[in-house]
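> For reference, this is input_26.pdb, and it has PDB, C-alpha atoms and all ligand atoms.
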```
ATOM      1  CA  MET T   7     106.516  66.867 144.775
ATOM      2  CA  GLY T   8     107.727  69.568 147.179
ATOM      3  CA  SER T   9     106.047  72.933 146.875
ATOM      4  CA  THR T  10     105.482  72.933 143.133
ATOM      5  CA  SER T  11     103.076  70.831 141.164
ATOM      6  CA  GLY T  12     104.241  70.225 137.612
ATOM      7  CA  SER T  13     100.653  69.932 136.351
ATOM      8  CA  TYR T  14     100.295  73.519 135.057
ATOM      9  CA  TRP T  15     103.589  73.179 133.194
ATOM     10  CA  ASP T  16     102.708  69.664 132.023
ATOM     11  CA  ARG T  17      99.800  71.248 130.164
ATOM     12  CA  GLN T  18     102.057  73.951 128.639
ATOM     13  CA  ALA T  19     104.785  71.590 127.417
ATOM     14  CA  ALA T  20     103.342  70.710 123.998
ATOM     15  CA  THR T  21     102.761  74.341 122.995
ATOM     16  CA  TYR T  22     105.461  76.146 125.007
ATOM     17  CA  ASP T  23     107.963  76.650 122.183
ATOM     18  CA  ARG T  24     105.242  77.961 119.862
ATOM     19  CA  THR T  25     103.730  80.362 122.410
ATOM     20  CA  THR T  26     107.117  81.850 123.326
ATOM     21  CA  ALA T  27     108.464  81.978 119.749
ATOM     22  CA  LEU T  28     107.531  85.644 119.366
ATOM     23  CA  PHE T  29     109.783  86.667 122.276
ATOM     24  CA  GLU T  30     112.422  83.997 121.863
ATOM     25  CA  ARG T  31     114.648  85.466 119.163
ATOM     26  CA  ARG T  32     114.797  89.098 120.256
ATOM     27  CA  LEU T  33     114.250  88.987 124.013
ATOM     28  CA  LEU T  34     115.159  85.541 125.389
ATOM     29  CA  ALA T  35     117.818  84.062 123.095
ATOM     30  CA  PRO T  36     120.503  86.761 123.577
ATOM     31  CA  SER T  37     120.716  85.813 127.266
ATOM     32  CA  ARG T  38     120.880  82.125 126.386
ATOM     33  CA  ALA T  39     123.961  82.893 124.278
ATOM     34  CA  TRP T  40     125.463  85.057 127.073
ATOM     35  CA  ILE T  41     125.040  82.230 129.558
ATOM     36  CA  ALA T  42     126.281  79.548 127.153
ATOM     37  CA  GLU T  43     129.622  81.359 126.778
ATOM     38  CA  ARG T  44     130.140  80.998 130.545
ATOM     39  CA  VAL T  45     129.266  77.301 131.000
ATOM     40  CA  VAL T  46     132.167  75.078 132.087
ATOM     41  CA  GLY T  47     132.523  71.555 133.451
ATOM     42  CA  VAL T  48     129.961  69.505 135.352
ATOM     43  CA  THR T  49     126.719  71.382 134.784
ATOM     44  CA  LEU T  50     123.240  71.350 136.288
ATOM     45  CA  GLU T  51     120.365  73.107 134.540
ATOM     46  CA  VAL T  52     117.442  73.718 136.868
ATOM     47  CA  ALA T  53     113.881  74.102 135.526
ATOM     48  CA  VAL T  54     115.169  73.195 132.072
ATOM     49  CA  GLY T  55     111.705  73.423 130.462
ATOM     50  CA  THR T  56     111.748  72.187 126.866
ATOM     51  CA  GLY T  57     115.538  72.524 126.816
ATOM     52  CA  ALA T  58     115.764  75.788 124.882
ATOM     53  CA  ASN T  59     119.258  76.467 126.280
ATOM     54  CA  LEU T  60     120.719  73.092 125.338
ATOM     55  CA  PRO T  61     121.614  73.843 121.691
ATOM     56  CA  PHE T  62     123.525  76.914 122.937
ATOM     57  CA  TYR T  63     125.801  75.236 125.489
ATOM     58  CA  ALA T  64     125.505  71.423 125.567
ATOM     59  CA  HIS T  65     128.866  71.076 123.771
ATOM     60  CA  ARG T  66     130.590  73.070 126.541
ATOM     61  CA  ALA T  67     129.402  70.972 129.490
ATOM     62  CA  THR T  68     131.524  67.908 130.289
ATOM     63  CA  ASP T  69     128.589  66.328 132.119
ATOM     64  CA  LEU T  70     125.028  67.637 132.043
ATOM     65  CA  THR T  71     122.084  67.127 134.391
ATOM     66  CA  PRO T  72     118.774  68.812 133.456
ATOM     67  CA  VAL T  73     116.232  69.072 136.286
ATOM     68  CA  GLU T  74     112.535  69.854 135.963
ATOM     69  CA  ALA T  75     109.383  69.674 138.075
ATOM     70  CA  SER T  76     107.191  68.847 135.074
ATOM     71  CA  ARG T  77     107.455  65.369 133.530
ATOM     72  CA  ALA T  78     106.155  66.600 130.156
ATOM     73  CA  MET T  79     108.710  69.423 130.042
ATOM     74  CA  LEU T  80     111.468  66.995 130.990
ATOM     75  CA  ASP T  81     110.442  64.646 128.162
ATOM     76  CA  ALA T  82     110.639  67.570 125.706
ATOM     77  CA  ALA T  83     114.107  68.440 127.035
ATOM     78  CA  ALA T  84     115.196  64.812 126.536
ATOM     79  CA  VAL T  85     114.208  65.016 122.869
ATOM     80  CA  ARG T  86     116.161  68.279 122.506
ATOM     81  CA  ALA T  87     119.218  66.797 124.249
ATOM     82  CA  ARG T  88     119.206  63.836 121.853
ATOM     83  CA  GLY T  89     118.912  66.307 118.975
ATOM     84  CA  VAL T  90     122.121  68.064 120.034
ATOM     85  CA  GLY T  91     123.879  64.739 120.576
ATOM     86  CA  LYS T  92     124.405  65.175 124.313
ATOM     87  CA  PRO T  93     123.787  62.292 126.714
ATOM     88  CA  VAL T  94     122.091  63.629 129.840
ATOM     89  CA  ARG T  95     120.959  62.376 133.230
ATOM     90  CA  LEU T  96     117.388  63.674 133.549
ATOM     91  CA  VAL T  97     116.092  64.391 137.049
ATOM     92  CA  GLN T  98     112.481  65.181 137.931
ATOM     93  CA  ALA T  99     112.698  67.291 141.082
ATOM     94  CA  ASP T 100     111.643  70.508 142.747
ATOM     95  CA  ALA T 101     114.264  73.231 142.406
ATOM     96  CA  ALA T 102     113.927  73.916 146.140
ATOM     97  CA  ASP T 103     114.735  70.316 147.038
ATOM     98  CA  LEU T 104     116.916  68.780 144.330
ATOM     99  CA  GLY T 105     117.951  65.619 146.148
ATOM    100  CA  LEU T 106     121.440  65.976 144.649
ATOM    101  CA  PRO T 107     124.759  65.998 146.551
ATOM    102  CA  SER T 108     126.250  69.239 147.902
ATOM    103  CA  ASP T 109     129.286  70.881 146.247
ATOM    104  CA  ALA T 110     128.775  68.748 143.126
ATOM    105  CA  PHE T 111     128.571  71.162 140.175
ATOM    106  CA  ASP T 112     130.967  73.581 138.483
ATOM    107  CA  THR T 113     128.065  75.439 136.838
ATOM    108  CA  VAL T 114     124.373  75.803 137.627
ATOM    109  CA  VAL T 115     122.188  77.295 134.873
ATOM    110  CA  CYS T 116     118.685  78.628 135.501
ATOM    111  CA  THR T 117     116.827  80.767 132.953
ATOM    112  CA  TYR T 118     113.347  82.311 132.914
ATOM    113  CA  ALA T 119     112.248  80.151 135.828
ATOM    114  CA  MET T 120     112.918  82.160 138.999
ATOM    115  CA  CYS T 121     109.908  84.228 137.945
ATOM    116  CA  CYS T 122     107.612  81.233 138.504
ATOM    117  CA  VAL T 123     109.055  79.265 141.425
ATOM    118  CA  GLU T 124     106.995  79.572 144.587
ATOM    119  CA  ASP T 125     109.827  80.214 147.067
ATOM    120  CA  ALA T 126     112.657  82.055 145.314
ATOM    121  CA  LEU T 127     114.915  82.190 148.385
ATOM    122  CA  ALA T 128     114.581  78.450 149.019
ATOM    123  CA  VAL T 129     115.511  77.762 145.388
ATOM    124  CA  LEU T 130     118.529  80.098 145.437
ATOM    125  CA  ARG T 131     119.715  78.515 148.690
ATOM    126  CA  GLU T 132     119.439  75.048 147.098
ATOM    127  CA  LEU T 133     121.339  76.134 143.952
ATOM    128  CA  GLY T 134     124.102  77.537 146.169
ATOM    129  CA  ARG T 135     124.246  74.261 148.119
ATOM    130  CA  VAL T 136     124.906  72.083 145.057
ATOM    131  CA  LEU T 137     127.568  74.427 143.607
ATOM    132  CA  ARG T 138     131.140  73.538 144.495
ATOM    133  CA  PRO T 139     133.233  76.295 146.133
ATOM    134  CA  GLY T 140     134.265  78.588 143.280
ATOM    135  CA  GLY T 141     131.466  77.239 141.069
ATOM    136  CA  ARG T 142     129.170  79.662 139.258
ATOM    137  CA  LEU T 143     125.444  80.215 139.088
ATOM    138  CA  LEU T 144     124.388  81.560 135.660
ATOM    139  CA  MET T 145     120.936  83.065 135.649
ATOM    140  CA  ALA T 146     118.692  85.097 133.345
ATOM    141  CA  ASP T 147     115.144  86.173 133.940
ATOM    142  CA  HIS T 148     112.564  88.693 132.921
ATOM    143  CA  VAL T 149     112.460  91.103 135.860
ATOM    144  CA  GLU T 150     110.962  94.400 136.998
ATOM    145  CA  SER T 151     111.619  96.778 134.125
ATOM    146  CA  SER T 152     113.537 100.014 134.618
ATOM    147  CA  ALA T 153     110.961 101.691 132.315
ATOM    148  CA  ARG T 154     107.682 102.975 133.761
ATOM    149  CA  LEU T 155     105.709 101.647 130.792
ATOM    150  CA  GLY T 156     107.349  98.234 131.199
ATOM    151  CA  ARG T 157     106.432  98.126 134.903
ATOM    152  CA  GLY T 158     102.838  99.068 134.100
ATOM    153  CA  VAL T 159     102.526  96.215 131.613
ATOM    154  CA  GLN T 160     104.130  93.837 134.110
ATOM    155  CA  ARG T 161     101.665  94.838 136.869
ATOM    156  CA  MET T 162      98.834  94.141 134.444
ATOM    157  CA  LEU T 163     100.341  90.752 133.520
ATOM    158  CA  ASP T 164     100.654  89.889 137.235
ATOM    159  CA  ARG T 165      96.903  90.366 137.539
ATOM    160  CA  LEU T 166      96.015  88.472 134.340
ATOM    161  CA  THR T 167      98.260  85.407 134.779
ATOM    162  CA  PRO T 168      96.480  82.409 136.359
ATOM    163  CA  ASP T 169      97.445  81.854 140.027
ATOM    164  CA  GLU T 170      98.567  78.286 139.323
ATOM    165  CA  ALA T 171     101.399  79.640 137.124
ATOM    166  CA  HIS T 172     102.928  81.389 140.196
ATOM    167  CA  GLU T 173     104.272  84.000 137.761
ATOM    168  CA  HIS T 174     106.022  87.054 139.289
ATOM    169  CA  HIS T 175     106.735  89.447 136.442
ATOM    170  CA  ARG T 176     108.603  91.913 138.676
ATOM    171  CA  ARG T 177     110.760  89.565 140.787
ATOM    172  CA  ARG T 178     114.517  90.309 140.640
ATOM    173  CA  PRO T 179     116.728  87.347 141.650
ATOM    174  CA  LEU T 180     119.740  89.686 141.592
ATOM    175  CA  LEU T 181     118.457  91.385 144.748
ATOM    176  CA  LEU T 182     117.926  88.054 146.560
ATOM    177  CA  VAL T 183     121.295  86.425 145.827
ATOM    178  CA  PRO T 184     123.182  88.087 148.740
ATOM    179  CA  ASP T 185     120.494  86.824 151.171
ATOM    180  CA  VAL T 186     121.542  83.210 150.536
ATOM    181  CA  GLY T 187     125.277  83.711 151.022
ATOM    182  CA  MET T 188     126.217  84.128 147.365
ATOM    183  CA  ARG T 189     128.020  86.996 145.677
ATOM    184  CA  VAL T 190     127.073  88.508 142.298
ATOM    185  CA  VAL T 191     130.275  88.791 140.237
ATOM    186  CA  GLU T 192     128.850  89.894 136.892
ATOM    187  CA  THR T 193     125.546  91.311 135.745
ATOM    188  CA  THR T 194     124.033  92.915 132.696
ATOM    189  CA  ALA T 195     120.556  93.684 131.412
ATOM    190  CA  SER T 196     118.668  94.149 128.173
ATOM    191  CA  ARG T 197     117.189  97.465 127.068
ATOM    192  CA  TRP T 198     114.662  98.764 129.634
ATOM    193  CA  ARG T 199     115.867  95.923 131.902
ATOM    194  CA  LEU T 200     113.247  93.551 130.575
ATOM    195  CA  VAL T 201     115.732  90.703 131.025
ATOM    196  CA  GLU T 202     118.514  90.670 133.635
ATOM    197  CA  ARG T 203     121.470  88.246 133.666
ATOM    198  CA  LEU T 204     123.850  87.435 136.455
ATOM    199  CA  VAL T 205     126.801  85.318 137.443
ATOM    200  CA  ALA T 206     127.037  84.522 141.159
ATOM    201  CA  THR T 207     129.380  82.405 143.223
ATOM    202  CA  PRO T 208     129.149  80.971 146.745
ATOM    203  CA  ALA T 209     130.618  83.679 149.026
TER     204      ALA T 209
HETATM  205  C1  LIG T 301     108.932  79.700 131.851
HETATM  206  S1  LIG T 301     109.522  78.045 131.842
HETATM  207  C2  LIG T 301     111.246  78.279 131.431
HETATM  208  C3  LIG T 301     111.872  77.038 130.916
HETATM  209  C4  LIG T 301     113.365  77.124 130.537
HETATM  210  N1  LIG T 301     114.210  77.304 131.684
HETATM  211  C5  LIG T 301     113.653  78.169 129.499
HETATM  212  O1  LIG T 301     114.597  78.951 129.678
HETATM  213  O2  LIG T 301     112.968  78.196 128.461
HETATM  214  C6  LIG T 301     109.592  77.705 133.577
HETATM  215  C7  LIG T 301     109.906  76.250 133.897
HETATM  216  O3  LIG T 301     110.174  76.160 135.294
HETATM  217  C8  LIG T 301     109.675  74.918 135.754
HETATM  218  N2  LIG T 301     109.482  75.031 137.204
HETATM  219  C9  LIG T 301     108.663  75.884 137.852
HETATM  220  N3  LIG T 301     108.793  75.729 139.179
HETATM  221  C10 LIG T 301     109.728  74.749 139.362
HETATM  222  C11 LIG T 301     110.307  74.160 140.518
HETATM  223  N4  LIG T 301     109.958  74.541 141.739
HETATM  224  N5  LIG T 301     111.221  73.197 140.344
HETATM  225  C12 LIG T 301     111.596  72.794 139.087
HETATM  226  N6  LIG T 301     111.098  73.328 137.973
HETATM  227  C13 LIG T 301     110.163  74.300 138.100
HETATM  228  C14 LIG T 301     108.380  74.736 134.982
HETATM  229  O4  LIG T 301     107.950  73.396 134.979
HETATM  230  C15 LIG T 301     108.764  75.273 133.599
HETATM  231  O5  LIG T 301     109.255  74.250 132.777
END
```
Let me see the file written as structure tokens.

Amino acid sequence: MGSTSGSYWDRQAATYDRTTALFERRLLAPSRAWIAERVVGVTLEVAVGTGANLPFYAHRATDLTPVEASRAMLDAAAVRARGVGKPVRLVQADAADLGLPSDAFDTVVCTYAMCCVEDALAVLRELGRVLRPGGRLLMADHVESSARLGRGVQRMLDRLTPDEAHEHHRRRPLLLVPDVGMRVVETTASRWRLVERLVATPA
């Protein structure tokens, strides 16, 4: 499958929700709620993971397509989608090569995944391609902190994280969006910019 093997994430799927639970409520969930408020219409969620966003917004999407590289993650997302009563069309694909039609989606959601894709520009370009003109990309990620202490911890994490995770703790998608012909129309960040959120639209 494209540039990303799902095997590392296949091994994380069973324990992912437990290992992230500590950060979920305070650090990750507020951005899920922020994004959910902005979801409209035919929606694609890329790198859906175990589907942690679905309970926040599934009721707002008229049609929902979750995409994932990892089969095990996708299976977990399917369980979550059933739990929130939302029929979904699950797609196993690389975010850089979705195999979906152009100009097809009103909303593209992607959270906490740009930090671990191999080619961030290729992924952003692909997300822009599948958005219809006037559609919106909703994104949140943990990014390079504005606090010196935060950046120090992130540099340490970059060294400690296994290479196969492709984790970039200091990547900032916000700075890459203009390079793929999209325009950031709204952005906000958590305290110390540990998490940054954005809304972008094809320019
Ligand atoms: C840190 S998890 C985040 C999951 C979810 N988006 C969330 O907010 O909890 C990153 C996810 O990105 C997926 N992923 C990584 N690279 C990918 C790629 N190139 N294409 C599709 N999914 C990818 C992984 O399989 C994993 O499920």
> Could you state the separation of CA of Asp185 in chain T and CA of Ala39 in chain T in Å, given to one decimal place?
27.4 Å
> For Asp103 in chain T, work out the shell of residues within 9 Å, counting all atoms listed in the file and skipping chain neighbours fewer than 3 positions away, then give it as an mmCIF file with C-alpha atoms, keeping the file's coordinate frame.

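Okay, around_7.cif is ready:
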```cif
data_model
loop_
_atom_site.group_PDB
_atom_site.id
_atom_site.type_symbol
_atom_site.label_atom_id
_atom_site.label_comp_id
_atom_site.auth_asym_id
_atom_site.auth_seq_id
_atom_site.Cartn_x
_atom_site.Cartn_y
_atom_site.Cartn_z
ATOM 1 C CA GLY T 8 107.727 69.568 147.179
ATOM 2 C CA ALA T 99 112.698 67.291 141.082
ATOM 3 C CA ASP T 100 111.643 70.508 142.747
ATOM 4 C CA LEU T 106 121.440 65.976 144.649
ATOM 5 C CA ALA T 128 114.581 78.450 149.019
ATOM 6 C CA VAL T 129 115.511 77.762 145.388
ATOM 7 C CA GLU T 132 119.439 75.048 147.098
#
```
> Of the candidates T:Ala35, T:Ala42, T:Ala119, T:Val201, which shows the shortest atom-to-atom distance to ligand LIG 301 (chain T), using only C-alpha atoms and all ligand atoms?
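Distance minimum relative to ligand LIG 301 (chain T) lands on T:Ala119.
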> List, as a PyMOL selection string, every residue that the PyMOL selection byres (((not hetatm)) within 6 of (chain T and resi 301)) selects in the file provided.
chain T and resi 10+12+15+53-55+58+74-76+79+99-102+117-119+122-123
> Hey, can you spit out that residue selection with C-alpha atoms as a short mmCIF file (atom, residue, chain, number, x, y, z; two decimals), in the frame of the given file?

```
data_model
loop_
_atom_site.label_atom_id
_atom_site.label_comp_id
_atom_site.auth_asym_id
_atom_site.auth_seq_id
_atom_site.Cartn_x
_atom_site.Cartn_y
_atom_site.Cartn_z
CA THR T 10 105.48 72.93 143.13
CA GLY T 12 104.24 70.22 137.61
CA TRP T 15 103.59 73.18 133.19
CA ALA T 53 113.88 74.10 135.53
CA VAL T 54 115.17 73.19 132.07
CA GLY T 55 111.70 73.42 130.46
CA ALA T 58 115.76 75.79 124.88
CA GLU T 74 112.54 69.85 135.96
CA ALA T 75 109.38 69.67 138.07
CA SER T 76 107.19 68.85 135.07
CA MET T 79 108.71 69.42 130.04
CA ALA T 99 112.70 67.29 141.08
CA ASP T 100 111.64 70.51 142.75
CA ALA T 101 114.26 73.23 142.41
CA ALA T 102 113.93 73.92 146.14
CA THR T 117 116.83 80.77 132.95
CA TYR T 118 113.35 82.31 132.91
CA ALA T 119 112.25 80.15 135.83
CA CYS T 122 107.61 81.23 138.50
CA VAL T 123 109.06 79.26 141.43
#
```
> What is the distance between CA of Leu104 in chain T and CA of His148 in chain T, in Å to one decimal?
23.4 Å
> Using the chain letters and numbering of this document, enumerate as a list in words the residues selected by the PyMOL selection byres (((chain T and resi 43) around 12) and not hetatm).
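Against this file, the PyMOL selection byres (((chain T and resi 43) around 12) and not hetatm) returns the residues Pro36, Ser37, Arg38, Ala39, Trp40, Ile41, Ala42, Arg44, Val45, Val46, Asn59, Phe62, Tyr63, Ala64, His65, Arg66, Ala67, Thr113, Val115, Leu144 and Val205 of chain T.
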> Just checking: using all atoms listed in the file, which residue out of T:Tyr14, T:Leu200, T:Arg138, T:Arg177 ends up closest to Phe29 in chain T?
T:Leu200
> When you count only C-alpha atoms, which of these residues is closest to Ala110 in chain T: T:Gly187, T:Gly47, T:Pro72, T:Gly158?
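Going through T:Gly187, T:Gly47, T:Pro72, T:Gly158 one by one, the smallest distance to Ala110 in chain T is for T:Gly47.
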> Residue by residue, what does the PyMOL selection byres (((chain T and resi 22) around 12) and not hetatm) grab here? Present the result as a list in words.
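So the PyMOL selection byres (((chain T and resi 22) around 12) and not hetatm) ends up selecting Tyr14, Trp15, Asp16, Arg17, Gln18, Ala19, Ala20, Thr21, Asp23, Arg24, Thr25, Thr26, Ala27, Leu28, Phe29, Glu30, Gly55, Thr56, Gly57, Ala58, Ala78, Met79, Ala82 and Ala83 of chain T.
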> Because some atoms of range 193-204 of chain T are absent here, can you restore N, CA, C and O atoms and send them as a PDB file, keeping the file's coordinate frame?

```pdb
ATOM      1  N   THR T 193     126.954  91.149 136.078  1.00  0.00           N
ATOM      2  CA  THR T 193     125.546  91.311 135.745  1.00  0.00           C
ATOM      3  C   THR T 193     125.384  92.269 134.576  1.00  0.00           C
ATOM      4  O   THR T 193     126.212  93.163 134.377  1.00  0.00           O
ATOM      5  N   THR T 194     124.341  92.035 133.809  1.00  0.00           N
ATOM      6  CA  THR T 194     124.033  92.915 132.696  1.00  0.00           C
ATOM      7  C   THR T 194     122.540  92.759 132.391  1.00  0.00           C
ATOM      8  O   THR T 194     121.920  91.802 132.821  1.00  0.00           O
ATOM      9  N   ALA T 195     121.999  93.732 131.672  1.00  0.00           N
ATOM     10  CA  ALA T 195     120.556  93.684 131.412  1.00  0.00           C
ATOM     11  C   ALA T 195     120.270  94.133 129.985  1.00  0.00           C
ATOM     12  O   ALA T 195     121.064  94.839 129.367  1.00  0.00           O
ATOM     13  N   SER T 196     119.105  93.718 129.502  1.00  0.00           N
ATOM     14  CA  SER T 196     118.668  94.149 128.173  1.00  0.00           C
ATOM     15  C   SER T 196     118.126  95.579 128.266  1.00  0.00           C
ATOM     16  O   SER T 196     117.995  96.147 129.353  1.00  0.00           O
ATOM     17  N   ARG T 197     117.792  96.138 127.117  1.00  0.00           N
ATOM     18  CA  ARG T 197     117.189  97.465 127.068  1.00  0.00           C
ATOM     19  C   ARG T 197     115.938  97.503 127.957  1.00  0.00           C
ATOM     20  O   ARG T 197     115.160  96.547 127.991  1.00  0.00           O
ATOM     21  N   TRP T 198     115.783  98.580 128.700  1.00  0.00           N
ATOM     22  CA  TRP T 198     114.662  98.764 129.634  1.00  0.00           C
ATOM     23  C   TRP T 198     114.630  97.702 130.728  1.00  0.00           C
ATOM     24  O   TRP T 198     113.625  97.492 131.379  1.00  0.00           O
ATOM     25  N   ARG T 199     115.745  97.010 130.910  1.00  0.00           N
ATOM     26  CA  ARG T 199     115.867  95.923 131.902  1.00  0.00           C
ATOM     27  C   ARG T 199     114.654  94.984 131.861  1.00  0.00           C
ATOM     28  O   ARG T 199     114.065  94.657 132.901  1.00  0.00           O
ATOM     29  N   LEU T 200     114.317  94.547 130.661  1.00  0.00           N
ATOM     30  CA  LEU T 200     113.247  93.551 130.575  1.00  0.00           C
ATOM     31  C   LEU T 200     113.793  92.186 130.978  1.00  0.00           C
ATOM     32  O   LEU T 200     113.097  91.372 131.584  1.00  0.00           O
ATOM     33  N   VAL T 201     115.057  91.942 130.634  1.00  0.00           N
ATOM     34  CA  VAL T 201     115.732  90.703 131.025  1.00  0.00           C
ATOM     35  C   VAL T 201     117.028  91.088 131.744  1.00  0.00           C
ATOM     36  O   VAL T 201     117.756  91.962 131.288  1.00  0.00           O
ATOM     37  N   GLU T 202     117.285  90.426 132.876  1.00  0.00           N
ATOM     38  CA  GLU T 202     118.514  90.670 133.635  1.00  0.00           C
ATOM     39  C   GLU T 202     119.282  89.353 133.764  1.00  0.00           C
ATOM     40  O   GLU T 202     118.683  88.309 133.988  1.00  0.00           O
ATOM     41  N   ARG T 203     120.609  89.444 133.599  1.00  0.00           N
ATOM     42  CA  ARG T 203     121.470  88.246 133.666  1.00  0.00           C
ATOM     43  C   ARG T 203     122.450  88.434 134.813  1.00  0.00           C
ATOM     44  O   ARG T 203     122.849  89.563 135.115  1.00  0.00           O
ATOM     45  N   LEU T 204     122.852  87.322 135.394  1.00  0.00           N
ATOM     46  CA  LEU T 204     123.850  87.435 136.455  1.00  0.00           C
ATOM     47  C   LEU T 204     124.724  86.186 136.531  1.00  0.00           C
ATOM     48  O   LEU T 204     124.318  85.105 136.125  1.00  0.00           O
TER      49      LEU T 204
END
```
